[in-house]
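Below is my_file.pdb, holding PDB, C-alpha atoms.
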```pdb
ATOM      1  CA  PHE G   7     -32.062 213.608 105.987
ATOM      2  CA  GLY G   8     -31.491 211.951 102.612
ATOM      3  CA  ALA G   9     -30.085 208.449 102.140
ATOM      4  CA  GLY G  10     -27.184 208.058  99.700
ATOM      5  CA  ASN G  11     -27.413 205.468  96.928
ATOM      6  CA  GLY G  12     -23.633 204.938  96.639
ATOM      7  CA  ALA G  13     -23.441 206.749  93.297
ATOM      8  CA  GLY G  14     -23.381 210.348  94.484
ATOM      9  CA  ALA G  15     -27.164 210.825  94.615
ATOM     10  CA  PHE G  16     -29.546 211.024  97.553
ATOM     11  CA  SER G  17     -33.142 210.119  98.231
ATOM     12  CA  THR G  18     -35.844 212.686  98.849
ATOM     13  CA  PRO G  19     -35.034 214.355 102.189
ATOM     14  CA  VAL G  20     -37.085 213.257 105.191
ATOM     15  CA  ALA G  21     -37.702 215.692 108.056
ATOM     16  CA  VAL G  22     -36.860 214.479 111.581
ATOM     17  CA  ALA G  23     -37.836 216.499 114.670
ATOM     18  CA  THR G  24     -34.788 217.344 116.806
ATOM     19  CA  VAL G  25     -34.260 220.478 118.910
ATOM     20  CA  SER G  26     -35.241 224.087 118.330
ATOM     21  CA  GLY G  27     -32.680 226.191 116.518
ATOM     22  CA  ALA G  28     -30.594 223.173 115.456
ATOM     23  CA  CYS G  29     -27.214 224.409 114.259
ATOM     24  CA  ALA G  30     -24.645 221.616 114.555
ATOM     25  CA  LEU G  31     -24.569 217.912 113.700
ATOM     26  CA  ALA G  32     -22.255 215.029 114.650
ATOM     27  CA  TRP G  33     -22.428 211.328 113.887
ATOM     28  CA  GLY G  34     -21.088 208.035 115.249
ATOM     29  CA  ASP G  35     -22.231 204.619 116.442
ATOM     30  CA  PHE G  36     -23.529 205.520 119.912
ATOM     31  CA  ASP G  37     -25.172 202.179 120.700
ATOM     32  CA  GLY G  38     -22.788 199.728 119.000
ATOM     33  CA  ASP G  39     -25.353 198.286 116.582
ATOM     34  CA  GLY G  40     -23.411 199.087 113.415
ATOM     35  CA  ASP G  41     -25.760 201.917 112.322
ATOM     36  CA  VAL G  42     -24.792 205.581 112.381
ATOM     37  CA  ASP G  43     -26.464 207.669 115.096
ATOM     38  CA  LEU G  44     -26.798 211.466 115.009
ATOM     39  CA  GLY G  45     -26.155 214.093 117.645
ATOM     40  CA  VAL G  46     -27.858 217.475 117.139
ATOM     41  CA  THR G  47     -27.406 220.670 119.126
ATOM     42  CA  GLY G  48     -29.072 224.077 119.037
ATOM     43  CA  ARG G  49     -30.868 226.633 121.186
ATOM     44  CA  GLY G  50     -33.057 223.904 122.631
ATOM     45  CA  GLY G  51     -30.101 221.807 123.855
ATOM     46  CA  ALA G  52     -28.446 218.691 122.458
ATOM     47  CA  THR G  53     -30.090 215.365 121.744
ATOM     48  CA  LEU G  54     -29.313 212.013 120.165
ATOM     49  CA  LEU G  55     -31.119 210.276 117.310
ATOM     50  CA  ARG G  56     -30.578 206.532 117.087
ATOM     51  CA  GLY G  57     -30.082 205.257 113.549
ATOM     52  CA  ALA G  58     -31.654 202.112 112.124
ATOM     53  CA  ARG G  59     -31.087 201.344 108.438
ATOM     54  CA  GLY G  60     -31.263 204.973 107.321
ATOM     55  CA  THR G  61     -34.049 206.108 109.673
ATOM     56  CA  PHE G  62     -33.629 208.026 112.911
ATOM     57  CA  ALA G  63     -35.621 208.253 116.146
ATOM     58  CA  PRO G  64     -35.002 210.117 119.432
ATOM     59  CA  ALA G  65     -32.975 208.069 121.904
ATOM     60  CA  GLY G  66     -34.407 209.796 124.957
ATOM     61  CA  GLY G  67     -32.711 212.240 127.307
ATOM     62  CA  ALA G  68     -30.863 215.412 126.371
ATOM     63  CA  LEU G  69     -27.931 217.608 127.258
ATOM     64  CA  ALA G  70     -28.369 221.307 127.907
ATOM     65  CA  ALA G  71     -25.961 222.579 125.255
ATOM     66  CA  THR G  72     -26.025 225.219 122.587
ATOM     67  CA  ARG G  73     -22.594 224.899 121.013
ATOM     68  CA  ALA G  74     -20.488 222.308 119.136
ATOM     69  CA  LEU G  75     -20.745 218.599 119.940
ATOM     70  CA  VAL G  76     -18.965 215.419 118.956
ATOM     71  CA  LEU G  77     -19.653 211.668 119.035
ATOM     72  CA  ARG G  78     -16.454 209.742 119.828
ATOM     73  CA  ASP G  79     -15.516 206.710 121.923
ATOM     74  CA  GLY G  80     -14.081 208.284 125.069
ATOM     75  CA  ASP G  81     -14.046 205.236 127.358
ATOM     76  CA  GLY G  82     -12.913 202.433 125.027
ATOM     77  CA  ASP G  83     -16.115 200.358 125.151
ATOM     78  CA  GLY G  84     -16.580 200.386 121.370
ATOM     79  CA  ARG G  85     -19.481 202.854 121.450
ATOM     80  CA  ALA G  86     -19.357 206.571 120.738
ATOM     81  CA  ASP G  87     -20.049 208.957 123.633
ATOM     82  CA  LEU G  88     -21.806 212.318 123.280
ATOM     83  CA  ARG G  89     -19.816 215.416 124.259
ATOM     84  CA  ALA G  90     -20.883 219.046 123.912
ATOM     85  CA  LEU G  91     -20.236 222.564 125.193
ATOM     86  CA  ASP G  92     -22.838 224.191 127.446
ATOM     87  CA  PRO G  93     -23.678 227.930 127.158
ATOM     88  CA  SER G  94     -20.786 228.813 129.503
ATOM     89  CA  GLY G  95     -18.282 226.917 127.399
ATOM     90  CA  ALA G  96     -17.902 224.030 129.863
ATOM     91  CA  LEU G  97     -17.645 220.489 128.507
ATOM     92  CA  VAL G  98     -20.576 218.179 129.268
ATOM     93  CA  SER G  99     -20.833 214.561 128.185
ATOM     94  CA  ALA G 100     -23.046 211.499 128.203
ATOM     95  CA  ARG G 101     -21.625 207.979 128.197
ATOM     96  CA  SER G 102     -23.408 205.485 125.993
ATOM     97  CA  THR G 103     -25.458 202.970 128.012
ATOM     98  CA  LEU G 104     -27.956 202.111 125.293
ATOM     99  CA  ALA G 105     -26.766 198.608 124.445
ATOM    100  CA  ALA G 106     -24.183 195.949 125.131
ATOM    101  CA  PRO G 107     -20.773 196.474 123.502
ATOM    102  CA  ALA G 108     -20.638 195.768 119.781
ATOM    103  CA  GLU G 109     -19.423 192.460 118.404
ATOM    104  CA  PRO G 110     -15.630 192.130 118.139
ATOM    105  CA  VAL G 111     -13.946 193.430 115.004
ATOM    106  CA  VAL G 112     -12.080 190.700 113.110
ATOM    107  CA  LEU G 113      -9.460 191.612 110.481
ATOM    108  CA  GLU G 114      -8.206 188.777 108.282
ATOM    109  CA  SER G 115      -4.410 188.526 108.454
ATOM    110  CA  PRO G 116      -2.458 188.677 105.152
ATOM    111  CA  ALA G 117       0.544 186.865 106.676
ATOM    112  CA  ALA G 118       0.082 183.578 104.782
ATOM    113  CA  ARG G 119       0.104 185.367 101.429
ATOM    114  CA  HIS G 120       3.593 186.979 101.787
ATOM    115  CA  PRO G 121       2.568 190.128  99.886
ATOM    116  CA  ALA G 122       5.253 191.765  97.735
ATOM    117  CA  ILE G 123       5.716 195.453  97.011
ATOM    118  CA  GLY G 124       3.453 196.406  94.107
ATOM    119  CA  ALA G 125       1.051 193.514  94.651
ATOM    120  CA  VAL G 126      -2.656 194.166  95.170
ATOM    121  CA  LEU G 127      -3.835 192.726  98.483
ATOM    122  CA  THR G 128      -7.512 192.596  99.438
ATOM    123  CA  LEU G 129      -8.146 193.163 103.146
ATOM    124  CA  HIS G 130     -11.331 191.843 104.776
ATOM    125  CA  TRP G 131     -12.857 192.694 108.159
ATOM    126  CA  SER G 132     -16.167 192.429 109.980
ATOM    127  CA  ALA G 133     -18.398 194.428 112.322
ATOM    128  CA  LEU G 134     -17.476 197.989 111.227
ATOM    129  CA  LEU G 135     -19.793 200.365 109.429
ATOM    130  CA  ALA G 136     -16.856 202.556 108.342
ATOM    131  CA  ALA G 137     -13.188 201.800 108.974
ATOM    132  CA  ASP G 138      -9.908 203.690 108.884
ATOM    133  CA  VAL G 139      -7.168 201.396 107.480
ATOM    134  CA  GLU G 140      -3.590 201.830 108.727
ATOM    135  CA  CYS G 141      -0.243 200.076 108.238
ATOM    136  CA  SER G 142       2.928 199.840 110.314
ATOM    137  CA  TYR G 143       6.303 198.762 108.932
ATOM    138  CA  ASP G 144       8.055 198.491 112.311
ATOM    139  CA  GLY G 145       5.920 196.211 114.452
ATOM    140  CA  GLY G 146       3.424 198.855 115.560
ATOM    141  CA  ALA G 147       5.770 201.628 116.703
ATOM    142  CA  ARG G 148       4.518 204.012 114.003
ATOM    143  CA  TRP G 149       1.362 203.890 111.861
ATOM    144  CA  VAL G 150       0.564 205.251 108.401
ATOM    145  CA  THR G 151      -3.023 205.903 107.300
ATOM    146  CA  LEU G 152      -3.856 204.063 104.074
ATOM    147  CA  ALA G 153      -7.572 204.915 103.757
ATOM    148  CA  ARG G 154     -10.322 206.577 105.789
ATOM    149  CA  ALA G 155     -13.985 205.726 106.381
ATOM    150  CA  VAL G 156     -13.948 202.627 104.144
ATOM    151  CA  GLN G 157     -17.344 200.930 103.983
ATOM    152  CA  GLY G 158     -18.297 197.383 103.054
ATOM    153  CA  GLY G 159     -15.721 195.447 105.089
ATOM    154  CA  THR G 160     -13.170 195.140 102.279
ATOM    155  CA  TRP G 161     -10.422 197.271 100.724
ATOM    156  CA  ARG G 162      -7.828 196.656  97.987
ATOM    157  CA  TRP G 163      -4.322 197.718  99.003
ATOM    158  CA  ASN G 164      -1.581 198.327  96.452
ATOM    159  CA  VAL G 165       1.228 197.180  98.754
ATOM    160  CA  THR G 166       4.002 199.714  99.287
ATOM    161  CA  GLY G 167       7.471 199.339 100.813
ATOM    162  CA  PRO G 168       9.790 199.154 102.516
ATOM    163  CA  VAL G 169      10.583 195.447 102.599
ATOM    164  CA  THR G 170      10.132 194.329 106.185
ATOM    165  CA  GLY G 171       9.364 191.364 108.375
ATOM    166  CA  LEU G 172       7.508 193.548 110.878
ATOM    167  CA  ALA G 173       4.559 194.787 108.800
ATOM    168  CA  MET G 174       1.184 195.062 110.525
ATOM    169  CA  VAL G 175      -2.241 196.256 109.363
ATOM    170  CA  ARG G 176      -5.084 197.488 111.523
ATOM    171  CA  VAL G 177      -8.612 198.751 111.021
ATOM    172  CA  ARG G 178     -10.267 201.179 113.422
ATOM    173  CA  ASP G 179     -13.853 202.301 113.708
ATOM    174  CA  ALA G 180     -14.053 205.658 111.939
ATOM    175  CA  PHE G 181     -16.493 206.831 114.618
ATOM    176  CA  ALA G 182     -14.932 205.119 117.683
ATOM    177  CA  PRO G 183     -11.158 204.774 117.061
ATOM    178  CA  LEU G 184     -10.526 202.651 120.168
ATOM    179  CA  ARG G 185     -12.529 199.834 118.552
ATOM    180  CA  GLY G 186     -10.855 197.739 115.864
ATOM    181  CA  ASP G 187      -8.443 194.908 115.167
ATOM    182  CA  THR G 188      -4.736 194.554 114.364
ATOM    183  CA  THR G 189      -2.962 191.729 112.552
ATOM    184  CA  ALA G 190       0.138 189.973 113.790
ATOM    185  CA  ALA G 191       3.412 190.945 112.107
ATOM    186  CA  PHE G 192       3.933 189.653 108.563
ATOM    187  CA  VAL G 193       6.494 189.940 105.758
ATOM    188  CA  ILE G 194       6.378 192.428 102.885
ATOM    189  CA  ALA G 195       8.641 190.914 100.236
ATOM    190  CA  PRO G 196      10.664 192.674  97.509
ATOM    191  CA  ALA G 197       8.847 193.689  94.353
ATOM    192  CA  ALA G 198      10.683 191.176  92.199
ATOM    193  CA  LEU G 199      13.339 188.529  92.617
ATOM    194  CA  ASP G 200      16.668 188.709  90.839
ATOM    195  CA  ALA G 201      16.339 185.976  88.212
ATOM    196  CA  ALA G 202      20.147 185.735  87.933
ATOM    197  CA  THR G 203      20.362 184.187  91.389
ATOM    198  CA  GLY G 204      18.498 181.113  90.210
ATOM    199  CA  GLY G 205      20.982 179.814  87.655
ATOM    200  CA  ALA G 206      20.198 178.692  84.148
ATOM    201  CA  GLY G 207      16.924 176.809  83.939
ATOM    202  CA  SER G 208      16.676 176.032  87.643
ATOM    203  CA  GLY G 209      13.686 178.282  88.451
ATOM    204  CA  LEU G 210      14.908 178.677  92.050
ATOM    205  CA  ALA G 211      15.481 182.361  92.833
ATOM    206  CA  LEU G 212      16.569 184.103  96.031
ATOM    207  CA  ALA G 213      16.282 187.859  96.467
ATOM    208  CA  ALA G 214      18.928 189.956  98.181
ATOM    209  CA  PRO G 215      18.309 190.217 101.956
ATOM    210  CA  TRP G 216      16.966 193.592 103.072
ATOM    211  CA  PRO G 217      18.071 195.802 104.731
ATOM    212  CA  ASN G 218      21.750 195.143 104.229
ATOM    213  CA  PRO G 219      23.599 195.924 106.447
ATOM    214  CA  SER G 220      21.007 195.490 109.187
ATOM    215  CA  ARG G 221      20.839 196.447 112.862
ATOM    216  CA  GLY G 222      17.689 194.399 113.409
ATOM    217  CA  ALA G 223      15.491 192.051 111.431
ATOM    218  CA  VAL G 224      16.570 190.920 107.948
ATOM    219  CA  THR G 225      13.951 189.928 105.380
ATOM    220  CA  PHE G 226      14.497 187.801 102.297
ATOM    221  CA  ALA G 227      12.223 186.184  99.740
ATOM    222  CA  PHE G 228      12.568 183.326  97.278
ATOM    223  CA  THR G 229      10.556 181.416  94.688
ATOM    224  CA  LEU G 230      10.323 177.652  94.323
ATOM    225  CA  PRO G 231       9.657 176.154  90.881
ATOM    226  CA  ALA G 232       8.009 173.114  92.510
ATOM    227  CA  GLY G 233       6.796 172.110  95.927
ATOM    228  CA  GLY G 234       8.818 169.815  98.153
ATOM    229  CA  GLU G 235      11.228 169.578 101.074
ATOM    230  CA  VAL G 236      13.039 172.863 101.742
ATOM    231  CA  ARG G 237      15.601 173.980 104.293
ATOM    232  CA  VAL G 238      15.905 177.725 104.926
ATOM    233  CA  GLU G 239      18.879 178.623 107.092
ATOM    234  CA  ILE G 240      21.400 181.242 108.133
ATOM    235  CA  CYS G 241      25.121 180.412 107.993
ATOM    236  CA  ASP G 242      28.274 182.209 109.120
ATOM    237  CA  VAL G 243      31.241 182.865 106.816
ATOM    238  CA  SER G 244      32.708 179.404 107.564
ATOM    239  CA  GLY G 245      29.511 177.762 106.287
ATOM    240  CA  ARG G 246      28.405 176.676 109.767
ATOM    241  CA  ARG G 247      24.615 176.761 110.181
ATOM    242  CA  VAL G 248      23.654 179.116 113.026
ATOM    243  CA  ARG G 249      19.893 179.308 112.544
ATOM    244  CA  THR G 250      17.255 177.172 110.842
ATOM    245  CA  LEU G 251      14.217 179.199 109.819
ATOM    246  CA  ARG G 252      12.366 176.399 108.072
ATOM    247  CA  HIS G 253      12.843 172.675 107.499
ATOM    248  CA  GLY G 254       9.887 171.014 105.873
ATOM    249  CA  ALA G 255       7.603 170.980 102.875
ATOM    250  CA  LEU G 256       6.686 174.185 101.044
ATOM    251  CA  GLU G 257       4.428 174.717  98.057
ATOM    252  CA  ALA G 258       5.701 176.072  94.752
ATOM    253  CA  GLY G 259       5.715 179.847  94.458
ATOM    254  CA  ARG G 260       6.893 182.851  96.421
ATOM    255  CA  HIS G 261       7.894 182.619 100.075
ATOM    256  CA  ALA G 262       9.362 185.143 102.482
ATOM    257  CA  PHE G 263      11.041 184.911 105.879
ATOM    258  CA  ALA G 264      12.249 187.364 108.501
ATOM    259  CA  PHE G 265      15.435 186.696 110.490
ATOM    260  CA  ASP G 266      15.726 188.440 113.873
ATOM    261  CA  GLY G 267      19.515 188.210 114.225
ATOM    262  CA  ARG G 268      19.447 185.391 116.778
ATOM    263  CA  SER G 269      20.841 181.865 116.783
ATOM    264  CA  ASP G 270      18.828 178.664 117.216
ATOM    265  CA  SER G 271      19.423 178.982 120.968
ATOM    266  CA  GLY G 272      17.933 182.494 121.009
ATOM    267  CA  ASP G 273      21.195 184.350 121.603
ATOM    268  CA  PRO G 274      22.022 187.473 119.568
ATOM    269  CA  LEU G 275      24.598 186.709 116.892
ATOM    270  CA  PRO G 276      27.768 188.820 116.872
ATOM    271  CA  PRO G 277      28.195 191.507 114.192
ATOM    272  CA  GLY G 278      29.665 190.268 110.947
ATOM    273  CA  SER G 279      28.908 188.685 107.584
ATOM    274  CA  TYR G 280      26.353 185.890 107.186
ATOM    275  CA  PHE G 281      24.552 184.040 104.413
ATOM    276  CA  ALA G 282      20.862 183.325 103.868
ATOM    277  CA  ARG G 283      20.646 179.903 102.204
ATOM    278  CA  VAL G 284      17.747 178.026 100.623
ATOM    279  CA  ARG G 285      18.327 174.310  99.971
ATOM    280  CA  THR G 286      16.090 171.963  97.979
ATOM    281  CA  PRO G 287      16.647 168.463  96.558
ATOM    282  CA  ASP G 288      17.358 170.121  93.189
ATOM    283  CA  GLY G 289      19.933 172.640  94.397
ATOM    284  CA  GLU G 290      20.566 175.585  96.652
ATOM    285  CA  ARG G 291      20.980 179.364  96.508
ATOM    286  CA  SER G 292      22.565 181.767  98.988
ATOM    287  CA  ARG G 293      22.916 185.504  99.521
ATOM    288  CA  ALA G 294      25.321 187.404 101.778
ATOM    289  CA  PHE G 295      24.344 190.095 104.274
ATOM    290  CA  VAL G 296      25.887 191.943 107.213
ATOM    291  CA  LEU G 297      24.647 192.200 110.800
ATOM    292  CA  ALA G 298      25.673 195.463 112.451
ATOM    293  CA  ARG G 299      25.136 196.288 116.117
TER     294      ARG G 299
END
```
Let's see the structure in the file written out as structure tokens.
Amino acid sequence: FGAGNGAGAFSTPVAVATVSGACALAWGDFDGDGDVDLGVTGRGGATLLRGARGTFAPAGGALAATRALVLRDGDGDGRADLRALDPSGALVSARSTLAAPAEPVVLESPAARHPAIGAVLTLHWSALLAADVECSYDGGARWVTLARAVQGGTWRWNVTGPVTGLAMVRVRDAFAPLRGDTTAAFVIAPAALDAATGGAGSGLALAAPWPNPSRGAVTFAFTLPAGGEVRVEICDVSGRRVRTLRHGALEAGRHAFAFDGRSDSGDPLPPGSYFARVRTPDGERSRAFVLAR
């Protein structure tokens, strides 16, 4: 085995005794210590080599197998299990009992940053040697793979659409996919606000709500030229306030909110036209949208 230096080169190979006639190799974190372990199979059976900072040593025990094997988390304990085919083609497996479960994976939530389409967002997580990064735009119903086997606990994401208030990001162990962490839902804001909505010299801008019309959540974003008291609300066509999303101080800059189509009392609002309104001591801006059921 040769250790990579991160620049496409490898150290001088080091021989490690495994099984006779070794012909197949699999890797994963079998003992939950954050180091890659190796499974090897051949004429002499299948065995496991525990990894420790680029070195490997027999873990003890073996499976009588001569065909393909895999290291994956089959029982959800955060450690990869060894599975192989015996000479008859039957599946045999060994559950990892080498160590206590690995430390919890923690993924930092991007919710407070209100990322916009086209922005570069740096994701941070802990306790994974290699992570698959995925995103959902609908609250976790469907997931899209953004990157695979990312090392180092950080990854820069060029945020893509659609605009949504139900975005989620998760990281999963590339070797044990049942181990990982998922953020709470957050807003992905439009790429840019329509400067015309702010009025001459005001600096207050409110983007068009999206989607419009909507059968579910509506997302809208705005920028404040200065921090201060802000009221963010939803009004019907008569101007009556039906939902207050925020009433309090906000810092200057971009903000985004998701509206779930319900009133302050929690009841679904009837289909029809509504307005998203942002009010500050220096003025207010509003945008129309339609709720469809």
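Counting only C-alpha atoms and comparing G:Pro110, G:Gly158, G:Gly48, G:Gly167, the residue that lies closest to G:Ala122 is G:Gly167.
For the pair atom CA of G:Leu129 and atom CA of G:Phe228, the interatomic distance is 23.7 Å.
One finds atom CA of G:Ala153 at 26.1 Å from atom CA of G:Ala262.
Proximity of G:Val243, G:Val42, G:Val165, G:Ala258 to G:Pro231, computed with all atoms listed in the file, is greatest for G:Ala258.
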**Report entry** Point-to-point distance in Å for atom CA of G:Pro183 and atom CA of G:Val139
**Finding:** 10.9 Å
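Residues in contact with G:Ala125 at 9 Å, where all atoms listed in the file are counted and same-chain residues fewer than 2 positions away are skipped, are listed as Pro121, Ala122, Ile123, Leu127, Trp163, Asn164, Val165, Thr166 and Ala197 of chain G.
Among the candidates G:Gly254, G:Gly145, G:Gly222, G:Gly209, the residue lying nearest to G:Leu297 is G:Gly222 (atoms considered: only C-alpha atoms).
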Going by the chain IDs and residue numbers used in this file, which residues fall under the PyMOL selection byres ((chain G and resi 265) around 12)? Write them as an mmCIF file with C-alpha atoms, in the coordinates of the input.
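And here's expr-v1.cif as it stands now:
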```
data_model
loop_
_atom_site.group_PDB
_atom_site.id
_atom_site.type_symbol
_atom_site.label_atom_id
_atom_site.label_comp_id
_atom_site.auth_asym_id
_atom_site.auth_seq_id
_atom_site.Cartn_x
_atom_site.Cartn_y
_atom_site.Cartn_z
ATOM 1 C CA THR G 170 10.132 194.329 106.185
ATOM 2 C CA GLY G 171 9.364 191.364 108.375
ATOM 3 C CA LEU G 172 7.508 193.548 110.878
ATOM 4 C CA VAL G 193 6.494 189.940 105.758
ATOM 5 C CA PRO G 215 18.309 190.217 101.956
ATOM 6 C CA TRP G 216 16.966 193.592 103.072
ATOM 7 C CA PRO G 217 18.071 195.802 104.731
ATOM 8 C CA SER G 220 21.007 195.490 109.187
ATOM 9 C CA ARG G 221 20.839 196.447 112.862
ATOM 10 C CA GLY G 222 17.689 194.399 113.409
ATOM 11 C CA ALA G 223 15.491 192.051 111.431
ATOM 12 C CA VAL G 224 16.570 190.920 107.948
ATOM 13 C CA THR G 225 13.951 189.928 105.380
ATOM 14 C CA PHE G 226 14.497 187.801 102.297
ATOM 15 C CA ALA G 227 12.223 186.184 99.740
ATOM 16 C CA VAL G 238 15.905 177.725 104.926
ATOM 17 C CA GLU G 239 18.879 178.623 107.092
ATOM 18 C CA ILE G 240 21.400 181.242 108.133
ATOM 19 C CA CYS G 241 25.121 180.412 107.993
ATOM 20 C CA VAL G 248 23.654 179.116 113.026
ATOM 21 C CA ARG G 249 19.893 179.308 112.544
ATOM 22 C CA THR G 250 17.255 177.172 110.842
ATOM 23 C CA LEU G 251 14.217 179.199 109.819
ATOM 24 C CA ARG G 252 12.366 176.399 108.072
ATOM 25 C CA ALA G 262 9.362 185.143 102.482
ATOM 26 C CA PHE G 263 11.041 184.911 105.879
ATOM 27 C CA ALA G 264 12.249 187.364 108.501
ATOM 28 C CA ASP G 266 15.726 188.440 113.873
ATOM 29 C CA GLY G 267 19.515 188.210 114.225
ATOM 30 C CA ARG G 268 19.447 185.391 116.778
ATOM 31 C CA SER G 269 20.841 181.865 116.783
ATOM 32 C CA ASP G 270 18.828 178.664 117.216
ATOM 33 C CA GLY G 272 17.933 182.494 121.009
ATOM 34 C CA PRO G 274 22.022 187.473 119.568
ATOM 35 C CA LEU G 275 24.598 186.709 116.892
ATOM 36 C CA TYR G 280 26.353 185.890 107.186
ATOM 37 C CA PHE G 281 24.552 184.040 104.413
ATOM 38 C CA ALA G 282 20.862 183.325 103.868
ATOM 39 C CA ARG G 283 20.646 179.903 102.204
ATOM 40 C CA PHE G 295 24.344 190.095 104.274
ATOM 41 C CA LEU G 297 24.647 192.200 110.800
#
```
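Checking G:Pro277, G:Pro116, G:Gly233, G:Gly289 one by one against G:Ala255, counting all atoms listed in the file, you find the shortest gap at G:Gly233.
The smallest atom-to-atom distance between G:Phe192 and any of G:Thr151, G:Thr47, G:Ser115, G:Gln157, using all atoms listed in the file, is found for G:Ser115.
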Centre and size of axis-aligned box enclosing stretch 251-270 of chain G plus 3 Å each side, as lines of an AutoDock Vina configuration file:
```
center_x = 12.6
center_y = 179.7
center_z = 105.8
size_x = 22.4
size_y = 23.5
size_z = 28.8
```
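Residue nearest G:Thr128, chosen from G:Leu230, G:Thr160, G:Glu140, G:Ala147 and counting only C-alpha atoms: G:Thr160.
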Using the chain letters and residue numbers of this document, give as a tab-separated table (two decimals) with C-alpha atoms, in the coordinates of the input the residues selected by the PyMOL selection byres ((chain G and resi 138) around 8).
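The result, written out as result.tsv:
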```tsv
chain	number	residue	atom	x	y	z
G	136	ALA	CA	-16.86	202.56	108.34
G	137	ALA	CA	-13.19	201.80	108.97
G	139	VAL	CA	-7.17	201.40	107.48
G	140	GLU	CA	-3.59	201.83	108.73
G	151	THR	CA	-3.02	205.90	107.30
G	152	LEU	CA	-3.86	204.06	104.07
G	153	ALA	CA	-7.57	204.92	103.76
G	154	ARG	CA	-10.32	206.58	105.79
G	155	ALA	CA	-13.98	205.73	106.38
G	156	VAL	CA	-13.95	202.63	104.14
G	177	VAL	CA	-8.61	198.75	111.02
G	178	ARG	CA	-10.27	201.18	113.42
G	179	ASP	CA	-13.85	202.30	113.71
G	180	ALA	CA	-14.05	205.66	111.94
```
**Report entry** Expected selection from the PyMOL selection byres ((chain G and resi 132) around 8), given as JSON, numbers by chain
**Finding:** {"G": [111, 112, 113, 130, 131, 133, 134, 159]}
